[in-house]
$ cat upload_31.pdb   # PDB, C-alpha atoms
ATOM      1  CA  MET G 818      21.791  11.629 -23.191  1.00  0.00           C
ATOM      2  CA  PRO G 819      19.535  14.079 -21.328  1.00  0.00           C
ATOM      3  CA  GLU G 820      19.600  16.528 -24.236  1.00  0.00           C
ATOM      4  CA  GLU G 821      18.147  13.899 -26.588  1.00  0.00           C
ATOM      5  CA  ILE G 822      14.969  13.376 -24.552  1.00  0.00           C
ATOM      6  CA  THR G 823      11.909  15.238 -25.803  1.00  0.00           C
ATOM      7  CA  SER G 824       8.813  16.293 -23.866  1.00  0.00           C
ATOM      8  CA  SER G 825       6.717  13.904 -25.997  1.00  0.00           C
ATOM      9  CA  ASP G 826       8.779  10.921 -24.793  1.00  0.00           C
ATOM     10  CA  LYS G 827       6.427   8.840 -22.594  1.00  0.00           C
ATOM     11  CA  ARG G 828       9.019   6.525 -21.040  1.00  0.00           C
ATOM     12  CA  LEU G 829       9.982   6.554 -17.384  1.00  0.00           C
ATOM     13  CA  ILE G 830      13.458   8.043 -16.996  1.00  0.00           C
ATOM     14  CA  LEU G 831      15.919   7.126 -14.245  1.00  0.00           C
ATOM     15  CA  THR G 832      18.414   9.920 -13.613  1.00  0.00           C
ATOM     16  CA  THR G 833      20.208  11.975 -10.999  1.00  0.00           C
ATOM     17  CA  VAL G 834      18.852  15.181  -9.491  1.00  0.00           C
ATOM     18  CA  ARG G 835      21.561  17.199 -11.220  1.00  0.00           C
ATOM     19  CA  GLU G 836      20.749  15.870 -14.706  1.00  0.00           C
ATOM     20  CA  SER G 837      16.973  16.129 -14.221  1.00  0.00           C
ATOM     21  CA  GLU G 838      17.069  19.882 -14.875  1.00  0.00           C
ATOM     22  CA  LYS G 839      18.024  19.158 -18.495  1.00  0.00           C
ATOM     23  CA  ILE G 840      15.096  16.769 -19.089  1.00  0.00           C
ATOM     24  CA  PRO G 841      11.766  18.295 -20.222  1.00  0.00           C
ATOM     25  CA  SER G 842       9.588  15.553 -18.694  1.00  0.00           C
ATOM     26  CA  ASN G 843       7.887  14.822 -15.416  1.00  0.00           C
ATOM     27  CA  LEU G 844       8.214  11.046 -15.857  1.00  0.00           C
ATOM     28  CA  ILE G 845      11.443  11.057 -13.877  1.00  0.00           C
ATOM     29  CA  LEU G 846      12.627   8.854 -11.018  1.00  0.00           C
ATOM     30  CA  PHE G 847      15.782   9.811  -9.194  1.00  0.00           C
ATOM     31  CA  ASP G 848      18.452   7.223  -8.516  1.00  0.00           C
ATOM     32  CA  ASP G 849      18.356   7.852  -4.751  1.00  0.00           C
ATOM     33  CA  GLU G 850      14.640   6.902  -4.635  1.00  0.00           C
ATOM     34  CA  PHE G 851      15.659   3.267  -5.101  1.00  0.00           C
ATOM     35  CA  ASP G 852      17.037   3.279  -1.553  1.00  0.00           C
ATOM     36  CA  TYR G 853      13.456   3.077  -0.189  1.00  0.00           C
ATOM     37  CA  ASP G 854      11.459  -0.042   0.592  1.00  0.00           C
ATOM     38  CA  PRO G 855      10.660  -2.020  -2.620  1.00  0.00           C
ATOM     39  CA  THR G 856       6.906  -1.452  -2.161  1.00  0.00           C
ATOM     40  CA  ILE G 857       7.426   2.308  -2.029  1.00  0.00           C
ATOM     41  CA  VAL G 858       9.641   2.157  -5.134  1.00  0.00           C
ATOM     42  CA  ARG G 859       6.922   0.202  -7.000  1.00  0.00           C
ATOM     43  CA  GLY G 860       4.391   2.763  -5.766  1.00  0.00           C
ATOM     44  CA  LYS G 861       6.453   5.690  -7.030  1.00  0.00           C
ATOM     45  CA  ILE G 862       6.783   4.017 -10.436  1.00  0.00           C
ATOM     46  CA  VAL G 863       3.033   3.397 -10.613  1.00  0.00           C
ATOM     47  CA  GLU G 864       2.372   6.993  -9.487  1.00  0.00           C
ATOM     48  CA  LYS G 865       4.482   8.386 -12.330  1.00  0.00           C
ATOM     49  CA  LEU G 866       2.939   6.120 -14.960  1.00  0.00           C
ATOM     50  CA  GLU G 867      -0.703   6.184 -13.806  1.00  0.00           C
ATOM     51  CA  SER G 868      -1.211   9.758 -12.536  1.00  0.00           C
ATOM     52  CA  GLY G 869      -3.890  11.444 -14.585  1.00  0.00           C
ATOM     53  CA  ILE G 870      -5.373   8.082 -15.593  1.00  0.00           C
ATOM     54  CA  HIS G 871      -6.592   6.821 -12.207  1.00  0.00           C
ATOM     55  CA  HIS G 872      -7.286   8.578  -8.932  1.00  0.00           C
ATOM     56  CA  GLY G 873      -4.490   8.517  -6.384  1.00  0.00           C
ATOM     57  CA  SER G 874      -5.782   6.339  -3.580  1.00  0.00           C
ATOM     58  CA  LEU G 875      -3.863   3.925  -1.384  1.00  0.00           C
ATOM     59  CA  VAL G 876      -5.845   0.886  -0.227  1.00  0.00           C
ATOM     60  CA  ILE G 877      -4.288  -1.619   2.158  1.00  0.00           C
ATOM     61  CA  GLY G 878      -6.069  -4.922   2.779  1.00  0.00           C
ATOM     62  CA  ILE G 879      -5.236  -7.051   5.804  1.00  0.00           C
ATOM     63  CA  ASP G 880      -6.406 -10.617   6.459  1.00  0.00           C
ATOM     64  CA  PRO G 881      -5.740 -11.142  10.195  1.00  0.00           C
ATOM     65  CA  GLY G 882      -4.914 -14.593  11.539  1.00  0.00           C
ATOM     66  CA  ASN G 883      -1.909 -16.764  12.420  1.00  0.00           C
ATOM     67  CA  ARG G 884      -0.464 -15.750   9.063  1.00  0.00           C
ATOM     68  CA  ILE G 885      -1.484 -12.200   8.245  1.00  0.00           C
ATOM     69  CA  GLY G 886      -2.113 -11.564   4.572  1.00  0.00           C
ATOM     70  CA  LEU G 887      -1.308  -8.117   3.170  1.00  0.00           C
ATOM     71  CA  SER G 888      -2.316  -6.596  -0.153  1.00  0.00           C
ATOM     72  CA  VAL G 889      -1.476  -3.013  -1.164  1.00  0.00           C
ATOM     73  CA  PHE G 890      -3.154  -1.180  -4.046  1.00  0.00           C
ATOM     74  CA  TYR G 891      -1.933   2.222  -5.227  1.00  0.00           C
ATOM     75  CA  TYR G 892      -3.487   4.027  -8.190  1.00  0.00           C
ATOM     76  CA  GLU G 893      -5.691   0.916  -8.589  1.00  0.00           C
ATOM     77  CA  LYS G 894      -2.635  -1.327  -9.168  1.00  0.00           C
ATOM     78  CA  GLU G 895      -1.495  -4.001  -6.753  1.00  0.00           C
ATOM     79  CA  ILE G 896       2.036  -3.140  -5.677  1.00  0.00           C
ATOM     80  CA  GLU G 897       2.437  -5.748  -2.932  1.00  0.00           C
ATOM     81  CA  SER G 898       1.031  -9.087  -1.863  1.00  0.00           C
ATOM     82  CA  SER G 899       2.753 -10.696   1.114  1.00  0.00           C
ATOM     83  CA  ILE G 900       2.442 -12.659   4.360  1.00  0.00           C
ATOM     84  CA  TYR G 901       3.474 -11.673   7.888  1.00  0.00           C
ATOM     85  CA  THR G 902       3.610 -13.712  11.074  1.00  0.00           C
ATOM     86  CA  SER G 903       4.550 -10.825  13.375  1.00  0.00           C
ATOM     87  CA  VAL G 904       2.083  -8.020  14.110  1.00  0.00           C
ATOM     88  CA  ASP G 905       4.927  -5.599  14.929  1.00  0.00           C
ATOM     89  CA  ASP G 906       6.719  -6.267  11.625  1.00  0.00           C
ATOM     90  CA  LEU G 907       3.462  -5.782   9.723  1.00  0.00           C
ATOM     91  CA  ILE G 908       2.645  -2.488  11.453  1.00  0.00           C
ATOM     92  CA  SER G 909       6.174  -1.160  10.863  1.00  0.00           C
ATOM     93  CA  HIS G 910       5.872  -2.046   7.182  1.00  0.00           C
ATOM     94  CA  ILE G 911       2.417  -0.469   6.824  1.00  0.00           C
ATOM     95  CA  VAL G 912       3.617   2.744   8.502  1.00  0.00           C
ATOM     96  CA  LYS G 913       6.526   2.922   6.011  1.00  0.00           C
ATOM     97  CA  ILE G 914       4.041   2.591   3.151  1.00  0.00           C
ATOM     98  CA  LEU G 915       1.604   5.175   4.568  1.00  0.00           C
ATOM     99  CA  VAL G 916       4.460   7.656   5.068  1.00  0.00           C
ATOM    100  CA  GLY G 917       6.292   6.917   1.819  1.00  0.00           C
ATOM    101  CA  LEU G 918       3.385   7.138  -0.628  1.00  0.00           C
ATOM    102  CA  HIS G 919       1.484  10.384  -1.062  1.00  0.00           C
ATOM    103  CA  ALA G 920      -2.150   9.575  -1.705  1.00  0.00           C
ATOM    104  CA  LYS G 921      -5.174  11.837  -1.463  1.00  0.00           C
ATOM    105  CA  ARG G 922      -7.044   9.034   0.259  1.00  0.00           C
ATOM    106  CA  LYS G 923      -5.496   6.351   2.486  1.00  0.00           C
ATOM    107  CA  VAL G 924      -7.724   3.428   3.441  1.00  0.00           C
ATOM    108  CA  VAL G 925      -6.796   0.466   5.624  1.00  0.00           C
ATOM    109  CA  LYS G 926      -9.290  -2.412   5.310  1.00  0.00           C
ATOM    110  CA  VAL G 927      -9.110  -5.160   7.907  1.00  0.00           C
ATOM    111  CA  GLY G 928     -10.999  -8.433   7.694  1.00  0.00           C
ATOM    112  CA  ASN G 929     -13.276  -9.215  10.617  1.00  0.00           C
ATOM    113  CA  GLY G 930     -12.447 -12.951  10.808  1.00  0.00           C
ATOM    114  CA  ASN G 931     -10.196 -12.587  13.853  1.00  0.00           C
ATOM    115  CA  MET G 932     -11.310  -9.420  15.658  1.00  0.00           C
ATOM    116  CA  LYS G 933      -8.774  -9.842  18.472  1.00  0.00           C
ATOM    117  CA  ILE G 934      -5.870  -9.471  16.039  1.00  0.00           C
ATOM    118  CA  ALA G 935      -7.806  -6.907  13.963  1.00  0.00           C
ATOM    119  CA  ARG G 936      -8.254  -4.636  17.008  1.00  0.00           C
ATOM    120  CA  GLN G 937      -4.608  -5.102  17.997  1.00  0.00           C
ATOM    121  CA  LEU G 938      -3.534  -4.112  14.459  1.00  0.00           C
ATOM    122  CA  THR G 939      -5.698  -0.998  14.366  1.00  0.00           C
ATOM    123  CA  ASN G 940      -4.649   0.154  17.845  1.00  0.00           C
ATOM    124  CA  LEU G 941      -0.947  -0.237  17.055  1.00  0.00           C
ATOM    125  CA  LEU G 942      -1.385   1.462  13.690  1.00  0.00           C
ATOM    126  CA  ASN G 943      -3.126   4.410  15.334  1.00  0.00           C
ATOM    127  CA  LEU G 944      -0.297   4.700  17.868  1.00  0.00           C
ATOM    128  CA  ARG G 945       2.546   4.520  15.330  1.00  0.00           C
ATOM    129  CA  PHE G 946       1.140   6.471  12.372  1.00  0.00           C
ATOM    130  CA  CYS G 947       0.736  10.140  13.250  1.00  0.00           C
ATOM    131  CA  SER G 948      -1.638  11.235  10.504  1.00  0.00           C
ATOM    132  CA  HIS G 949      -5.226  10.537   9.574  1.00  0.00           C
ATOM    133  CA  PHE G 950      -6.432   7.597   7.501  1.00  0.00           C
ATOM    134  CA  GLU G 951      -9.684   5.745   6.922  1.00  0.00           C
ATOM    135  CA  LEU G 952     -10.247   2.404   8.601  1.00  0.00           C
ATOM    136  CA  GLU G 953     -12.779  -0.196   7.498  1.00  0.00           C
ATOM    137  CA  PHE G 954     -13.668  -3.505   9.087  1.00  0.00           C
ATOM    138  CA  VAL G 955     -14.697  -5.714   6.192  1.00  0.00           C
ATOM    139  CA  ASP G 956     -16.793  -8.884   6.194  1.00  0.00           C
ATOM    140  CA  GLU G 957     -14.280 -11.457   5.023  1.00  0.00           C
ATOM    141  CA  ARG G 958     -16.675 -14.351   4.474  1.00  0.00           C
ATOM    142  CA  LYS G 959     -15.988 -16.201   1.225  1.00  0.00           C
ATOM    143  CA  THR G 960     -12.622 -14.525   0.683  1.00  0.00           C
ATOM    144  CA  SER G 961     -10.653 -17.727   1.287  1.00  0.00           C
ATOM    145  CA  LEU G 962     -10.528 -19.782  -1.871  1.00  0.00           C
ATOM    146  CA  ARG G 963      -9.429 -23.386  -1.975  1.00  0.00           C
ATOM    147  CA  VAL G 964      -5.820 -23.451  -3.026  1.00  0.00           C
ATOM    148  CA  ARG G 965      -4.018 -26.635  -4.040  1.00  0.00           C
ATOM    149  CA  ASN G 966      -1.666 -28.047  -1.446  1.00  0.00           C
ATOM    150  CA  TYR G 967      -3.846 -26.446   1.248  1.00  0.00           C
ATOM    151  CA  ASN G 968      -2.076 -23.112   1.781  1.00  0.00           C
ATOM    152  CA  LYS G 969       1.179 -23.244  -0.104  1.00  0.00           C
ATOM    153  CA  ARG G 970       3.380 -20.378   1.173  1.00  0.00           C
ATOM    154  CA  GLY G 971       0.360 -18.454   2.480  1.00  0.00           C
ATOM    155  CA  GLU G 972      -1.222 -18.065  -0.956  1.00  0.00           C
ATOM    156  CA  ARG G 973      -4.737 -18.251   0.487  1.00  0.00           C
ATOM    157  CA  ASP G 974      -3.996 -15.432   2.965  1.00  0.00           C
ATOM    158  CA  LYS G 975      -2.639 -13.221   0.159  1.00  0.00           C
ATOM    159  CA  VAL G 976      -5.728 -13.850  -1.978  1.00  0.00           C
ATOM    160  CA  SER G 977      -8.003 -13.120   0.994  1.00  0.00           C
ATOM    161  CA  ALA G 978      -6.223  -9.809   1.627  1.00  0.00           C
ATOM    162  CA  ARG G 979      -6.656  -8.921  -2.073  1.00  0.00           C
ATOM    163  CA  TYR G 980     -10.407  -9.624  -1.858  1.00  0.00           C
ATOM    164  CA  ILE G 981     -10.632  -7.547   1.327  1.00  0.00           C
ATOM    165  CA  THR G 982      -9.259  -4.502  -0.543  1.00  0.00           C
ATOM    166  CA  GLN G 983     -12.172  -4.767  -2.994  1.00  0.00           C
ATOM    167  CA  ARG G 984     -14.950  -4.921  -0.393  1.00  0.00           C
ATOM    168  CA  GLU G 985     -16.730  -2.153   1.445  1.00  0.00           C
ATOM    169  CA  GLY G 986     -17.050  -2.141   5.218  1.00  0.00           C
ATOM    170  CA  TYR G 987     -17.913   0.052   8.162  1.00  0.00           C
ATOM    171  CA  ARG G 988     -15.804   3.151   7.647  1.00  0.00           C
ATOM    172  CA  HIS G 989     -14.132   5.060  10.467  1.00  0.00           C
ATOM    173  CA  LEU G 990     -11.975   8.146  10.076  1.00  0.00           C
ATOM    174  CA  VAL G 991      -8.982   7.674  12.340  1.00  0.00           C
ATOM    175  CA  LEU G 992      -7.464  10.900  13.554  1.00  0.00           C
ATOM    176  CA  PRO G 993      -3.983  10.881  15.058  1.00  0.00           C
ATOM    177  CA  LEU G 994      -3.778  10.826  18.837  1.00  0.00           C
ATOM    178  CA  SER G 995      -1.962  14.160  18.705  1.00  0.00           C
ATOM    179  CA  ARG G 996      -5.173  15.735  17.368  1.00  0.00           C
ATOM    180  CA  THR G 997      -7.634  13.872  19.570  1.00  0.00           C
ATOM    181  CA  GLY G 998      -5.719  14.087  22.851  1.00  0.00           C
TER     182      GLY G 998
END
$ encode --input "upload_31.pdb" --output "C-alpha cells"
Amino acid sequence: MPEEITSSDKRLILTTVRESEKIPSNLILFDDEFDYDPTIVRGKIVEKLESGIHHGSLVIGIDPGNRIGLSVFYYEKEIESSIYTSVDDLISHIVKILVGLHAKRKVVKVGNGNMKIARQLTNLLNLRFCSHFELEFVDERKTSLRVRNYNKRGERDKVSARYITQREGYRHLVLPLSRTG
C-alpha cells in the first residue's frame, strides 16, 4: 500500500498519478508512462535508478550501410541495440528518443563508412528534430568484428554501432533550422 512505503525505500515504484502524492519517494514511474516507445520506457527507468550516480547524457551511435545498426546509451547504460533497413523508420525512431528522453547533452555519432547514407541521415535528422544536438562523424575502422554465421540477424551492425558510441569524432553543434533560418 502507498502508506507503507518509506522514504528510505530504494525500489522503483509503479503507481498512478493520484496515488503518487501519498508516496514519499522520487523513484516513481507512472502507469501511463508505459504507453511510450519501449526504448523511452527503458530510458525513464534508467534515469530514475541512475540519476545522481552518472551524468545524464544521451549518446546515439549509428552504423550506416544496407543494414543500419543503432545503439542508444542513456546515463551510460545501453537501452537499445537494433537494426534498421529504412532510413525514414530510423530517423522517426531517433526523433522519438531525442524528444522523449530529457538529457543535458544529446550526441548523435555516425560512422563514416558510408558517407552517402551518413549525410542523408544527418540531413533528415536536422529537418525532423527541432532542437539542438551534437553531431559527430566517427572513424568506424575496426568496429566490425567477425561474428559466427557471417552476420546473423545483423549482430555485426549492432556491435559496430555500440563501438561507434564509444569513439570520439569531429564534433558539430547542430542548431535547429528554425534558429538558423
$ resolve_selection --input "upload_31.pdb" --expression "the PyMOL selection byres ((chain G and resi 856) around 10)" --output "PyMOL selection string"
chain G and resi 853-855+857-862+889+895-898+910+913-914+917-918
$ write_last_selection --input "upload_31.pdb" --atoms "C-alpha atoms" --output "compact mmCIF listing (two decimals), in the coordinates of the input"
# COMPACT_ATOMS: atom_id res chain seq x y z
CA TYR G 853 13.46 3.08 -0.19
CA ASP G 854 11.46 -0.04 0.59
CA PRO G 855 10.66 -2.02 -2.62
CA ILE G 857 7.43 2.31 -2.03
CA VAL G 858 9.64 2.16 -5.13
CA ARG G 859 6.92 0.20 -7.00
CA GLY G 860 4.39 2.76 -5.77
CA LYS G 861 6.45 5.69 -7.03
CA ILE G 862 6.78 4.02 -10.44
CA VAL G 889 -1.48 -3.01 -1.16
CA GLU G 895 -1.50 -4.00 -6.75
CA ILE G 896 2.04 -3.14 -5.68
CA GLU G 897 2.44 -5.75 -2.93
CA SER G 898 1.03 -9.09 -1.86
CA HIS G 910 5.87 -2.05 7.18
CA LYS G 913 6.53 2.92 6.01
CA ILE G 914 4.04 2.59 3.15
CA GLY G 917 6.29 6.92 1.82
CA LEU G 918 3.38 7.14 -0.63
$ closest_residue --input "upload_31.pdb" --among "G:Ile911, G:Tyr901, G:Leu952, G:Pro881" --to "G:Asn929" --atoms "only C-alpha atoms"
G:Pro881
$ atom_distance --input "upload_31.pdb" --atom1 "atom CA of G:Val834" --atom2 "atom CA of G:Glu864"
18.4 Å
$ resolve_selection --input "upload_31.pdb" --expression "the PyMOL selection byres ((chain G and resi 926) around 8)" --output "PDB file with C-alpha atoms, in the frame of the given file"
ATOM      1  CA  VAL G 876      -5.845   0.886  -0.227  1.00  0.00           C
ATOM      2  CA  ILE G 877      -4.288  -1.619   2.158  1.00  0.00           C
ATOM      3  CA  GLY G 878      -6.069  -4.922   2.779  1.00  0.00           C
ATOM      4  CA  ILE G 879      -5.236  -7.051   5.804  1.00  0.00           C
ATOM      5  CA  VAL G 924      -7.724   3.428   3.441  1.00  0.00           C
ATOM      6  CA  VAL G 925      -6.796   0.466   5.624  1.00  0.00           C
ATOM      7  CA  VAL G 927      -9.110  -5.160   7.907  1.00  0.00           C
ATOM      8  CA  GLY G 928     -10.999  -8.433   7.694  1.00  0.00           C
ATOM      9  CA  LEU G 952     -10.247   2.404   8.601  1.00  0.00           C
ATOM     10  CA  GLU G 953     -12.779  -0.196   7.498  1.00  0.00           C
ATOM     11  CA  PHE G 954     -13.668  -3.505   9.087  1.00  0.00           C
ATOM     12  CA  VAL G 955     -14.697  -5.714   6.192  1.00  0.00           C
ATOM     13  CA  ILE G 981     -10.632  -7.547   1.327  1.00  0.00           C
ATOM     14  CA  THR G 982      -9.259  -4.502  -0.543  1.00  0.00           C
ATOM     15  CA  GLY G 986     -17.050  -2.141   5.218  1.00  0.00           C
TER      16      GLY G 986
END
$ closest_residue --input "upload_31.pdb" --among "G:Leu915, G:Val976, G:Leu831, G:Leu866" --to "G:Ile885" --atoms "all atoms listed in the file"
G:Val976
$ atom_distance --input "upload_31.pdb" --atom1 "atom CA of G:Ile900" --atom2 "atom CA of G:Asn931"
15.8 Å
$ atom_distance --input "upload_31.pdb" --atom1 "atom CA of G:Lys923" --atom2 "atom CA of G:Asn943"
13.2 Å
$ residues_around --input "upload_31.pdb" --residues "G:Asp905" --least-positions-apart "5" --cutoff "12 Å" --atoms "only C-alpha atoms" --output "PyMOL selection string"
chain G and resi 885+910-912+934+937-942+944-945
$ write_last_selection --input "upload_31.pdb" --atoms "C-alpha atoms" --output "JSON list (two decimals), in the frame of the given file"
[["chain", "number", "residue", "atom", "x", "y", "z"],
["G", 885, "ILE", "CA", -1.48, -12.20, 8.24],
["G", 910, "HIS", "CA", 5.87, -2.05, 7.18],
["G", 911, "ILE", "CA", 2.42, -0.47, 6.82],
["G", 912, "VAL", "CA", 3.62, 2.74, 8.50],
["G", 934, "ILE", "CA", -5.87, -9.47, 16.04],
["G", 937, "GLN", "CA", -4.61, -5.10, 18.00],
["G", 938, "LEU", "CA", -3.53, -4.11, 14.46],
["G", 939, "THR", "CA", -5.70, -1.00, 14.37],
["G", 940, "ASN", "CA", -4.65, 0.15, 17.84],
["G", 941, "LEU", "CA", -0.95, -0.24, 17.06],
["G", 942, "LEU", "CA", -1.38, 1.46, 13.69],
["G", 944, "LEU", "CA", -0.30, 4.70, 17.87],
["G", 945, "ARG", "CA", 2.55, 4.52, 15.33]]
$ resolve_selection --input "upload_31.pdb" --expression "the PyMOL selection byres ((chain G and resi 892) around 8)" --output "list in words"
Val863, Glu864, Glu867, Ser868, His871, His872, Gly873, Ser874, Leu875, Phe890, Tyr891, Glu893 and Lys894 of chain G
$ closest_residue --input "upload_31.pdb" --among "G:Glu951, G:Asp880, G:Ala978, G:Glu972" --to "G:Ala935" --atoms "all atoms listed in the file"
G:Asp880
$ decode --input "upload_31.pdb" --residues "stretch 877-942 of chain G" --atoms "C-alpha atoms" --output "tab-separated table (two decimals), in the first residue's frame"
chain	number	residue	atom	x	y	z
G	877	ILE	CA	23.17	7.51	-30.08
G	878	GLY	CA	25.53	5.50	-32.29
G	879	ILE	CA	24.65	4.77	-35.91
G	880	ASP	CA	26.48	2.37	-38.24
G	881	PRO	CA	25.26	3.37	-41.73
G	882	GLY	CA	25.02	0.78	-44.50
G	883	ASN	CA	22.49	-1.56	-46.13
G	884	ARG	CA	21.51	-2.59	-42.61
G	885	ILE	CA	21.81	0.37	-40.27
G	886	GLY	CA	22.96	-0.52	-36.78
G	887	LEU	CA	21.65	1.56	-33.87
G	888	SER	CA	22.89	1.69	-30.29
G	889	VAL	CA	21.44	4.05	-27.65
G	890	PHE	CA	23.16	4.83	-24.35
G	891	TYR	CA	21.43	6.85	-21.63
G	892	TYR	CA	23.05	7.54	-18.26
G	893	GLU	CA	25.95	5.37	-19.51
G	894	LYS	CA	23.67	2.31	-19.89
G	895	GLU	CA	22.75	0.76	-23.21
G	896	ILE	CA	18.98	0.93	-23.54
G	897	GLU	CA	18.68	-0.20	-27.17
G	898	SER	CA	20.60	-2.16	-29.77
G	899	SER	CA	18.77	-2.73	-33.05
G	900	ILE	CA	18.91	-2.88	-36.85
G	901	TYR	CA	17.03	-0.80	-39.42
G	902	THR	CA	16.77	-1.18	-43.18
G	903	SER	CA	14.77	2.01	-43.78
G	904	VAL	CA	16.33	5.44	-43.24
G	905	ASP	CA	12.90	7.02	-42.65
G	906	ASP	CA	11.97	4.48	-39.95
G	907	LEU	CA	15.32	5.01	-38.24
G	908	ILE	CA	15.01	8.81	-38.25
G	909	SER	CA	11.44	8.64	-36.90
G	910	HIS	CA	12.63	6.37	-34.10
G	911	ILE	CA	15.63	8.56	-33.24
G	912	VAL	CA	13.42	11.67	-33.12
G	913	LYS	CA	11.07	9.88	-30.68
G	914	ILE	CA	14.06	9.08	-28.47
G	915	LEU	CA	15.52	12.61	-28.63
G	916	VAL	CA	12.12	14.10	-27.73
G	917	GLY	CA	11.16	11.51	-25.12
G	918	LEU	CA	14.34	11.48	-23.03
G	919	HIS	CA	15.49	14.60	-21.23
G	920	ALA	CA	19.26	14.70	-21.26
G	921	LYS	CA	21.58	17.62	-20.58
G	922	ARG	CA	23.69	16.54	-23.53
G	923	LYS	CA	22.41	14.78	-26.66
G	924	VAL	CA	25.04	13.37	-29.02
G	925	VAL	CA	24.43	11.54	-32.28
G	926	LYS	CA	27.54	9.69	-33.52
G	927	VAL	CA	27.51	8.44	-37.09
G	928	GLY	CA	30.12	6.12	-38.56
G	929	ASN	CA	31.92	7.40	-41.64
G	930	GLY	CA	31.96	4.07	-43.52
G	931	ASN	CA	29.15	5.05	-45.90
G	932	MET	CA	29.14	8.86	-46.05
G	933	LYS	CA	26.29	8.99	-48.57
G	934	ILE	CA	23.89	7.39	-46.09
G	935	ALA	CA	25.53	9.22	-43.16
G	936	ARG	CA	24.86	12.62	-44.79
G	937	GLN	CA	21.30	11.59	-45.67
G	938	LEU	CA	20.71	10.56	-42.03
G	939	THR	CA	22.07	13.80	-40.60
G	940	ASN	CA	20.14	16.00	-43.05
G	941	LEU	CA	16.85	14.23	-42.32
G	942	LEU	CA	17.51	14.33	-38.58
